[in-house]
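Undergrad: Quick one: this structure, given as structure tokens, is what I'll be asking you about.
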Amino acid sequence: MAKKIPSRSKSSMLTQEENRKDLGFGTKITSERVRLINKDGTFNVRRVGDSFLNSVNWYHRLIILGWRKFFGIIFLFYFLLNIVFACLYLFIGIEYLEGISNEHQQPAFWEAFFFSAQTLTTVGYGRISPTGFWANSVAGLEALIGLLLIALATGLFYGRFSRSVPRIRFSKNIVVAPYLDINGLMFRIIHERDNELIDLDVEMTLSCLDTLPSGAKIRKYYPLDLERDHVNFFPLNWTLVHPITEDSPLANATEKSLADADAEFLIMIRAIDETFMQQVHVRFSYHYEELLWGAKFEPMFDTSVQGDIAVRVSDIDRYQPASLNT
């Protein structure tokens, strides 16, 4: 009978590695004064060495792009595509576009351009019509492309309008303020849109550099427990507080120690958009340079409004000096 081999206990280093907190950035990012999350919530990561086709996702980019840039790209593409087809009609011969008249004193290029626009959008007023094999072939191809582009544009507009985008505004600074008989790390948020967010969950993590006995630096992540990390409704502003107790990673932190460790406070918010009944999430971060010591936020309620609970959104960044508890 084979002798049973006793199981070996895991080493302390392996257990420590398995229990290590990691948000997905790893421990090798040791560059100082480099944010992990940008102010707009995007990751401060740039992929290099990838192929062009893999790095470009036009549909995703057009979905998340701002409205000005989106319409700018749409109109530019529409204009350039009509120029291409107008040049094709001119190459075939303007005489193969029947109905063009010199009475309007319009250059042949613009006649071909506007005929292309009518064909691409399948409007077809009927004043100008193609004749001959090649002119009809180009017009038929353009009509097919126009139908496909209309279907694509419809999908893009639906995707943009059906995508729930929360507009949670964060206070410009994160502060260390007196809290009860201790101190607390605080920041404020408010939802700027009329649609309601429900079942909000907030996570906060401290990212900082740590020096090993060998002198090498690694990045570590410490979860920061919040006084309250969940609310059912979010109609007003919300001040989130991390109590700096003896067990807090910030228990002995100072302004200099956080600067030396290149500290960054990473925030993740999950909620449900009541209008779309979709789960949404928001990312944000504060760098150590945006941390104010000995400051507390001023109230945002407007007491001059009678009969309603009024909140001044513009006051989310207002604070005043405060003496910290020792």
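Ordering of the structure tokens sets the chain letters (A, B, ...), residue numbers begin anew at 1 in every chain, and ligands are numbered from 1 in the order given.
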Contacts of Gly146 (chain A) at 10 Å or less, counting only C-alpha atoms, minus same-chain residues fewer than 2 places along, as a ChimeraX atom specification?
TA: /A:117-122,140-144,148-152
Undergrad: Near Gly294 (chain A), counting only C-alpha atoms, which residues have an atom at most 9 Å away, once you skip same-chain residues fewer than 4 positions from it, shown as an NGL selection string?
TA: :A and (175-178 or 320-324)
Undergrad: Can I get the selection written as a short mmCIF file (atom, residue, chain, number, x, y, z; two decimals), in the first residue's frame, with N, CA and C atoms?
TA:
data_model
loop_
_atom_site.label_atom_id
_atom_site.label_comp_id
_atom_site.auth_asym_id
_atom_site.auth_seq_id
_atom_site.Cartn_x
_atom_site.Cartn_y
_atom_site.Cartn_z
N VAL A 175 -10.57 65.92 1.82
CA VAL A 175 -10.08 66.64 2.99
C VAL A 175 -9.94 65.69 4.17
N VAL A 176 -9.06 66.08 5.08
CA VAL A 176 -8.97 65.45 6.40
C VAL A 176 -9.57 66.45 7.39
N ALA A 177 -10.69 66.08 7.98
CA ALA A 177 -11.45 66.98 8.83
C ALA A 177 -11.74 66.32 10.17
N PRO A 178 -12.04 67.11 11.20
CA PRO A 178 -12.44 66.51 12.47
C PRO A 178 -13.73 65.72 12.31
N GLN A 320 -14.01 75.18 4.61
CA GLN A 320 -13.45 76.18 5.51
C GLN A 320 -12.41 75.50 6.41
N PRO A 321 -11.44 76.25 6.91
CA PRO A 321 -10.41 75.65 7.77
C PRO A 321 -11.04 75.06 9.04
N ALA A 322 -10.42 74.01 9.55
CA ALA A 322 -10.91 73.37 10.77
C ALA A 322 -9.71 72.77 11.51
N SER A 323 -9.75 72.84 12.82
CA SER A 323 -8.68 72.28 13.65
C SER A 323 -8.88 70.78 13.83
N LEU A 324 -7.83 70.01 13.55
CA LEU A 324 -7.93 68.57 13.66
C LEU A 324 -7.83 68.12 15.10
#
Undergrad: For Glu246 (chain A), please output as a PyMOL selection string all residues within 12 Å (counting only C-alpha atoms; exclusion window: fewer than 5 positions along the same chain).
TA: chain A and resi 182-184+251-253
Undergrad: Tell me, which residues of region 10-248 of chain A carry DSSP strand (DSSP E or B), written as a PyMOL selection string?
TA: chain A and resi 37+43+97-98+129-130+168-170+174-179+182-191+197-211+217-223+230-233+238-244
Undergrad: What is the distance, in Å and to one decimal place, between CA of Arg228 (chain A) and CA of Leu209 (chain A)?
TA: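 About the pair CA of Arg228 (chain A) and CA of Leu209 (chain A): they are 27.1 Å apart.
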Undergrad: Quick one: everything within 8 Å of Ile174 (chain A), counting only C-alpha atoms, minus sequence neighbours fewer than 5 positions away in the same chain. Send it as a VMD selection string.
TA: chain A and resid 185 to 188 286 290 to 292
Undergrad: Please, could you write that set of residues out with all heavy atoms as a PDB file, in the first residue's frame?
TA:
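Result file is part-v1.pdb:
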ATOM      1  N   LEU A 185     -11.242  61.120   6.753  1.00  0.00           N
ATOM      2  CA  LEU A 185     -10.958  61.466   5.364  1.00  0.00           C
ATOM      3  C   LEU A 185     -12.295  61.599   4.645  1.00  0.00           C
ATOM      4  O   LEU A 185     -13.095  60.661   4.653  1.00  0.00           O
ATOM      5  CB  LEU A 185     -10.090  60.393   4.719  1.00  0.00           C
ATOM      6  CG  LEU A 185      -9.629  60.634   3.288  1.00  0.00           C
ATOM      7  CD1 LEU A 185      -8.581  61.737   3.233  1.00  0.00           C
ATOM      8  CD2 LEU A 185      -9.077  59.353   2.670  1.00  0.00           C
ATOM      9  N   MET A 186     -12.569  62.738   4.016  1.00  0.00           N
ATOM     10  CA  MET A 186     -13.899  63.008   3.478  1.00  0.00           C
ATOM     11  C   MET A 186     -13.839  63.558   2.058  1.00  0.00           C
ATOM     12  O   MET A 186     -12.913  64.278   1.698  1.00  0.00           O
ATOM     13  CB  MET A 186     -14.634  64.030   4.362  1.00  0.00           C
ATOM     14  CG  MET A 186     -14.713  63.681   5.819  1.00  0.00           C
ATOM     15  SD  MET A 186     -15.593  64.954   6.757  1.00  0.00           S
ATOM     16  CE  MET A 186     -15.318  64.344   8.439  1.00  0.00           C
ATOM     17  N   PHE A 187     -14.852  63.200   1.282  1.00  0.00           N
ATOM     18  CA  PHE A 187     -15.101  63.835  -0.013  1.00  0.00           C
ATOM     19  C   PHE A 187     -16.608  63.843  -0.235  1.00  0.00           C
ATOM     20  O   PHE A 187     -17.354  63.110   0.404  1.00  0.00           O
ATOM     21  CB  PHE A 187     -14.366  63.101  -1.145  1.00  0.00           C
ATOM     22  CG  PHE A 187     -14.862  61.709  -1.419  1.00  0.00           C
ATOM     23  CD1 PHE A 187     -15.825  61.468  -2.389  1.00  0.00           C
ATOM     24  CD2 PHE A 187     -14.358  60.628  -0.706  1.00  0.00           C
ATOM     25  CE1 PHE A 187     -16.276  60.190  -2.646  1.00  0.00           C
ATOM     26  CE2 PHE A 187     -14.799  59.340  -0.949  1.00  0.00           C
ATOM     27  CZ  PHE A 187     -15.761  59.111  -1.918  1.00  0.00           C
ATOM     28  N   ARG A 188     -17.054  64.707  -1.151  1.00  0.00           N
ATOM     29  CA  ARG A 188     -18.482  64.875  -1.388  1.00  0.00           C
ATOM     30  C   ARG A 188     -18.843  64.541  -2.828  1.00  0.00           C
ATOM     31  O   ARG A 188     -18.053  64.777  -3.747  1.00  0.00           O
ATOM     32  CB  ARG A 188     -18.920  66.311  -1.083  1.00  0.00           C
ATOM     33  CG  ARG A 188     -19.248  66.531   0.346  1.00  0.00           C
ATOM     34  CD  ARG A 188     -20.134  67.745   0.568  1.00  0.00           C
ATOM     35  NE  ARG A 188     -19.621  69.001   0.050  1.00  0.00           N
ATOM     36  CZ  ARG A 188     -19.961  70.187   0.571  1.00  0.00           C
ATOM     37  NH1 ARG A 188     -20.781  70.248   1.612  1.00  0.00           N
ATOM     38  NH2 ARG A 188     -19.490  71.297   0.058  1.00  0.00           N
ATOM     39  N   TYR A 286      -8.480  60.690  -6.308  1.00  0.00           N
ATOM     40  CA  TYR A 286      -7.832  61.900  -5.776  1.00  0.00           C
ATOM     41  C   TYR A 286      -6.352  61.595  -5.586  1.00  0.00           C
ATOM     42  O   TYR A 286      -6.001  60.571  -4.974  1.00  0.00           O
ATOM     43  CB  TYR A 286      -8.445  62.303  -4.437  1.00  0.00           C
ATOM     44  CG  TYR A 286      -9.862  62.818  -4.507  1.00  0.00           C
ATOM     45  CD1 TYR A 286     -10.928  61.996  -4.183  1.00  0.00           C
ATOM     46  CD2 TYR A 286     -10.131  64.136  -4.874  1.00  0.00           C
ATOM     47  CE1 TYR A 286     -12.235  62.462  -4.228  1.00  0.00           C
ATOM     48  CE2 TYR A 286     -11.435  64.608  -4.925  1.00  0.00           C
ATOM     49  CZ  TYR A 286     -12.474  63.766  -4.596  1.00  0.00           C
ATOM     50  OH  TYR A 286     -13.769  64.232  -4.644  1.00  0.00           O
ATOM     51  N   GLU A 290      -4.224  66.676  -4.060  1.00  0.00           N
ATOM     52  CA  GLU A 290      -5.578  67.213  -3.934  1.00  0.00           C
ATOM     53  C   GLU A 290      -6.159  66.990  -2.541  1.00  0.00           C
ATOM     54  O   GLU A 290      -7.344  67.225  -2.324  1.00  0.00           O
ATOM     55  CB  GLU A 290      -6.479  66.567  -4.984  1.00  0.00           C
ATOM     56  CG  GLU A 290      -6.026  66.875  -6.410  1.00  0.00           C
ATOM     57  CD  GLU A 290      -6.626  65.931  -7.434  1.00  0.00           C
ATOM     58  OE1 GLU A 290      -6.726  64.721  -7.154  1.00  0.00           O
ATOM     59  OE2 GLU A 290      -6.990  66.406  -8.515  1.00  0.00           O
ATOM     60  N   LEU A 291      -5.329  66.559  -1.613  1.00  0.00           N
ATOM     61  CA  LEU A 291      -5.753  66.327  -0.239  1.00  0.00           C
ATOM     62  C   LEU A 291      -5.467  67.563   0.600  1.00  0.00           C
ATOM     63  O   LEU A 291      -4.348  68.077   0.617  1.00  0.00           O
ATOM     64  CB  LEU A 291      -5.018  65.105   0.339  1.00  0.00           C
ATOM     65  CG  LEU A 291      -5.236  64.805   1.812  1.00  0.00           C
ATOM     66  CD1 LEU A 291      -6.704  64.527   2.109  1.00  0.00           C
ATOM     67  CD2 LEU A 291      -4.369  63.629   2.254  1.00  0.00           C
ATOM     68  N   LEU A 292      -6.482  68.038   1.309  1.00  0.00           N
ATOM     69  CA  LEU A 292      -6.350  69.199   2.188  1.00  0.00           C
ATOM     70  C   LEU A 292      -6.415  68.738   3.636  1.00  0.00           C
ATOM     71  O   LEU A 292      -7.345  68.019   4.033  1.00  0.00           O
ATOM     72  CB  LEU A 292      -7.474  70.214   1.924  1.00  0.00           C
ATOM     73  CG  LEU A 292      -7.543  70.805   0.506  1.00  0.00           C
ATOM     74  CD1 LEU A 292      -8.750  71.720   0.382  1.00  0.00           C
ATOM     75  CD2 LEU A 292      -6.260  71.544   0.172  1.00  0.00           C
TER      76      LEU A 292
END
Undergrad: For the interface of region 190-253 of chain A with region 28-38 of chain A (cut-off 10 Å, counting only C-alpha atoms), please tabulate each contacting residue of region 190-253 of chain A alongside its nearest pair of atoms and their separation in Å to one decimal, rows sorted by chain and increasing number, as CSV.
TA:
residue,atom,partner,partner_atom,distance
A:Ser207,CA,A:Leu36,CA,8.9
A:Cys208,CA,A:Thr30,CA,9.0
A:Leu209,CA,A:Thr30,CA,6.7
A:Asp210,CA,A:Thr30,CA,9.2
A:Ala216,CA,A:Thr30,CA,9.4
A:Lys217,CA,A:Thr30,CA,6.5
A:Ile218,CA,A:Lys28,CA,5.9
A:Arg219,CA,A:Thr30,CA,6.2
A:Lys220,CA,A:Lys28,CA,9.5
Undergrad: Which is closer to Ser285 (chain A) than all the others in A:Asp225, A:Asp181, A:Asp40, A:Asn232, using only C-alpha atoms?
TA: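 Selected residue with least distance to Ser285 (chain A): A:Asp40.
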Undergrad: May I ask which of the residues A:Phe71, A:Arg312, A:Ala112, A:Lys172 is the closest one to Phe91 (chain A), counting only C-alpha atoms?
TA: A:Ala112
Undergrad: Using only C-alpha atoms for the distances, tell me which of A:Tyr222, A:Tyr78, A:Phe170, A:Phe234 is nearest to Asp194 (chain A).
TA: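 Closest to Asp194 (chain A) of all the choices is A:Phe234.
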Undergrad: In Å, how far is it from CA of Leu88 (chain A) to CA of Gly124 (chain A)?
TA: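 Computing the Euclidean distance for CA of Leu88 (chain A) and CA of Gly124 (chain A) yields 18.2 Å.
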Undergrad: Output as an MDAnalysis selection string all residues of region 65-264 of chain A that backbone DSSP marks as alpha helix (DSSP H).
TA: chainID A and resid 67:92 108:120 133:162 255:260
Undergrad: Just want the 12 Å neighbourhood of Arg193 (chain A), counted on only C-alpha atoms, with same-chain residues fewer than 6 positions away dropped. Output as a PDB file with N, CA, C and O atoms, in the first residue's frame.
TA:
ATOM      1  N   SER A 164     -27.176  54.493 -20.315  1.00  0.00           N
ATOM      2  CA  SER A 164     -27.322  55.309 -19.111  1.00  0.00           C
ATOM      3  C   SER A 164     -25.958  55.855 -18.705  1.00  0.00           C
ATOM      4  O   SER A 164     -25.011  55.100 -18.487  1.00  0.00           O
ATOM      5  N   VAL A 165     -25.873  57.173 -18.612  1.00  0.00           N
ATOM      6  CA  VAL A 165     -24.616  57.831 -18.249  1.00  0.00           C
ATOM      7  C   VAL A 165     -24.864  58.677 -17.008  1.00  0.00           C
ATOM      8  O   VAL A 165     -25.463  59.749 -17.093  1.00  0.00           O
ATOM      9  N   PRO A 166     -24.455  58.220 -15.830  1.00  0.00           N
ATOM     10  CA  PRO A 166     -24.641  59.033 -14.622  1.00  0.00           C
ATOM     11  C   PRO A 166     -23.717  60.234 -14.633  1.00  0.00           C
ATOM     12  O   PRO A 166     -22.598  60.158 -15.139  1.00  0.00           O
ATOM     13  N   ARG A 167     -24.163  61.325 -14.090  1.00  0.00           N
ATOM     14  CA  ARG A 167     -23.350  62.532 -14.017  1.00  0.00           C
ATOM     15  C   ARG A 167     -23.122  62.853 -12.534  1.00  0.00           C
ATOM     16  O   ARG A 167     -23.716  63.773 -11.991  1.00  0.00           O
ATOM     17  N   ILE A 168     -22.277  62.033 -11.913  1.00  0.00           N
ATOM     18  CA  ILE A 168     -21.950  62.248 -10.506  1.00  0.00           C
ATOM     19  C   ILE A 168     -20.769  63.206 -10.430  1.00  0.00           C
ATOM     20  O   ILE A 168     -19.716  62.959 -11.011  1.00  0.00           O
ATOM     21  N   ARG A 169     -20.980  64.283  -9.716  1.00  0.00           N
ATOM     22  CA  ARG A 169     -19.938  65.293  -9.559  1.00  0.00           C
ATOM     23  C   ARG A 169     -19.240  65.098  -8.227  1.00  0.00           C
ATOM     24  O   ARG A 169     -19.888  64.931  -7.188  1.00  0.00           O
ATOM     25  N   PHE A 234     -30.472  58.637  -3.580  1.00  0.00           N
ATOM     26  CA  PHE A 234     -29.408  59.621  -3.731  1.00  0.00           C
ATOM     27  C   PHE A 234     -29.967  60.933  -4.289  1.00  0.00           C
ATOM     28  O   PHE A 234     -29.533  61.420  -5.329  1.00  0.00           O
ATOM     29  N   PRO A 235     -30.933  61.550  -3.587  1.00  0.00           N
ATOM     30  CA  PRO A 235     -31.496  62.806  -4.097  1.00  0.00           C
ATOM     31  C   PRO A 235     -30.683  64.035  -3.715  1.00  0.00           C
ATOM     32  O   PRO A 235     -30.824  65.086  -4.344  1.00  0.00           O
ATOM     33  N   LEU A 236     -29.860  63.938  -2.669  1.00  0.00           N
ATOM     34  CA  LEU A 236     -29.102  65.083  -2.165  1.00  0.00           C
ATOM     35  C   LEU A 236     -27.608  64.831  -2.355  1.00  0.00           C
ATOM     36  O   LEU A 236     -27.197  63.888  -3.031  1.00  0.00           O
ATOM     37  N   ASP A 273     -29.616  52.904 -12.289  1.00  0.00           N
ATOM     38  CA  ASP A 273     -30.344  54.036 -12.857  1.00  0.00           C
ATOM     39  C   ASP A 273     -31.823  53.671 -12.898  1.00  0.00           C
ATOM     40  O   ASP A 273     -32.229  52.713 -13.555  1.00  0.00           O
ATOM     41  N   THR A 275     -34.337  55.145 -14.249  1.00  0.00           N
ATOM     42  CA  THR A 275     -35.018  55.357 -15.524  1.00  0.00           C
ATOM     43  C   THR A 275     -34.839  54.175 -16.457  1.00  0.00           C
ATOM     44  O   THR A 275     -35.804  53.675 -17.047  1.00  0.00           O
ATOM     45  N   VAL A 313     -25.746  73.043  -5.932  1.00  0.00           N
ATOM     46  CA  VAL A 313     -24.751  72.147  -6.525  1.00  0.00           C
ATOM     47  C   VAL A 313     -23.402  72.838  -6.659  1.00  0.00           C
ATOM     48  O   VAL A 313     -22.346  72.216  -6.498  1.00  0.00           O
TER      49      VAL A 313
END
Undergrad: With only C-alpha atoms as the counted atoms, please give the residues lying no more than 12 Å from region 64-67 of chain A, apart from itself and same-chain residues fewer than 2 positions off, as a PyMOL selection string.
TA: chain A and resi 42+57-62+69-74+156-157+159-165
Undergrad: Which one of A:Ile272, A:Leu147, A:Leu226, A:Ala310 sits closest to Thr245 (chain A) if you count only C-alpha atoms?
TA: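 Checking each candidate against Thr245 (chain A), we get A:Leu226 as the closest.
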Undergrad: Please compute the CA of Phe233 (chain A)-CA of Glu196 (chain A) distance, one decimal, in Å.
TA: 7.8 Å
Undergrad: Considering only C-alpha atoms, can you say which of A:Asp201, A:Glu289, A:Glu274, A:Asp229 comes closest to Lys256 (chain A)?
TA: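 Of the candidates, the smallest distance to Lys256 (chain A) is held by A:Glu289.
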Undergrad: If we count only C-alpha atoms, what is near Leu206 (chain A) at a cut-off of 10 Å, once residues fewer than 3 positions away on the same chain are taken out, given as a ChimeraX atom specification?
TA: /A:220-224,249-250,263-267,285-286
Undergrad: Hey, can you spit out that residue selection with N, CA, C and O atoms as a tab-separated table (two decimals), in the first residue's frame?
TA:
chain	number	residue	atom	x	y	z
A	220	LYS	N	1.17	49.02	-3.47
A	220	LYS	CA	0.23	48.27	-2.65
A	220	LYS	C	-1.11	49.00	-2.58
A	220	LYS	O	-1.20	50.20	-2.83
A	221	TYR	N	-2.13	48.23	-2.24
A	221	TYR	CA	-3.49	48.75	-2.19
A	221	TYR	C	-4.12	48.39	-0.85
A	221	TYR	O	-4.08	47.22	-0.44
A	222	TYR	N	-4.68	49.39	-0.20
A	222	TYR	CA	-5.29	49.19	1.11
A	222	TYR	C	-6.75	49.65	1.06
A	222	TYR	O	-7.02	50.81	0.75
A	223	PRO	N	-7.69	48.76	1.34
A	223	PRO	CA	-9.09	49.19	1.37
A	223	PRO	C	-9.34	50.14	2.53
A	223	PRO	O	-8.84	49.94	3.65
A	224	LEU	N	-10.09	51.19	2.27
A	224	LEU	CA	-10.44	52.17	3.29
A	224	LEU	C	-11.92	52.01	3.63
A	224	LEU	O	-12.79	52.26	2.80
A	249	PRO	N	-5.30	52.45	7.58
A	249	PRO	CA	-4.00	52.61	6.91
A	249	PRO	C	-3.47	54.03	6.99
A	249	PRO	O	-2.27	54.25	6.75
A	250	LEU	N	-4.33	55.00	7.33
A	250	LEU	CA	-3.91	56.40	7.43
A	250	LEU	C	-3.68	56.82	8.87
A	250	LEU	O	-3.58	58.02	9.16
A	263	ALA	N	0.65	58.69	-2.94
A	263	ALA	CA	-0.66	58.14	-2.59
A	263	ALA	C	-1.73	58.62	-3.56
A	263	ALA	O	-1.73	59.76	-4.02
A	264	GLU	N	-2.63	57.73	-3.85
A	264	GLU	CA	-3.80	58.03	-4.68
A	264	GLU	C	-5.00	57.29	-4.10
A	264	GLU	O	-4.91	56.11	-3.76
A	265	PHE	N	-6.10	58.00	-3.98
A	265	PHE	CA	-7.32	57.43	-3.41
A	265	PHE	C	-8.26	57.09	-4.57
A	265	PHE	O	-8.77	57.97	-5.26
A	266	LEU	N	-8.47	55.79	-4.77
A	266	LEU	CA	-9.28	55.30	-5.88
A	266	LEU	C	-10.70	55.03	-5.39
A	266	LEU	O	-10.90	54.40	-4.35
A	267	ILE	N	-11.68	55.51	-6.15
A	267	ILE	CA	-13.08	55.42	-5.75
A	267	ILE	C	-13.88	54.73	-6.85
A	267	ILE	O	-13.73	55.04	-8.03
A	285	SER	N	-10.66	59.39	-8.84
A	285	SER	CA	-9.51	59.28	-7.94
A	285	SER	C	-9.07	60.67	-7.49
A	285	SER	O	-9.28	61.66	-8.19
A	286	TYR	N	-8.48	60.69	-6.31
A	286	TYR	CA	-7.83	61.90	-5.78
A	286	TYR	C	-6.35	61.60	-5.59
A	286	TYR	O	-6.00	60.57	-4.97
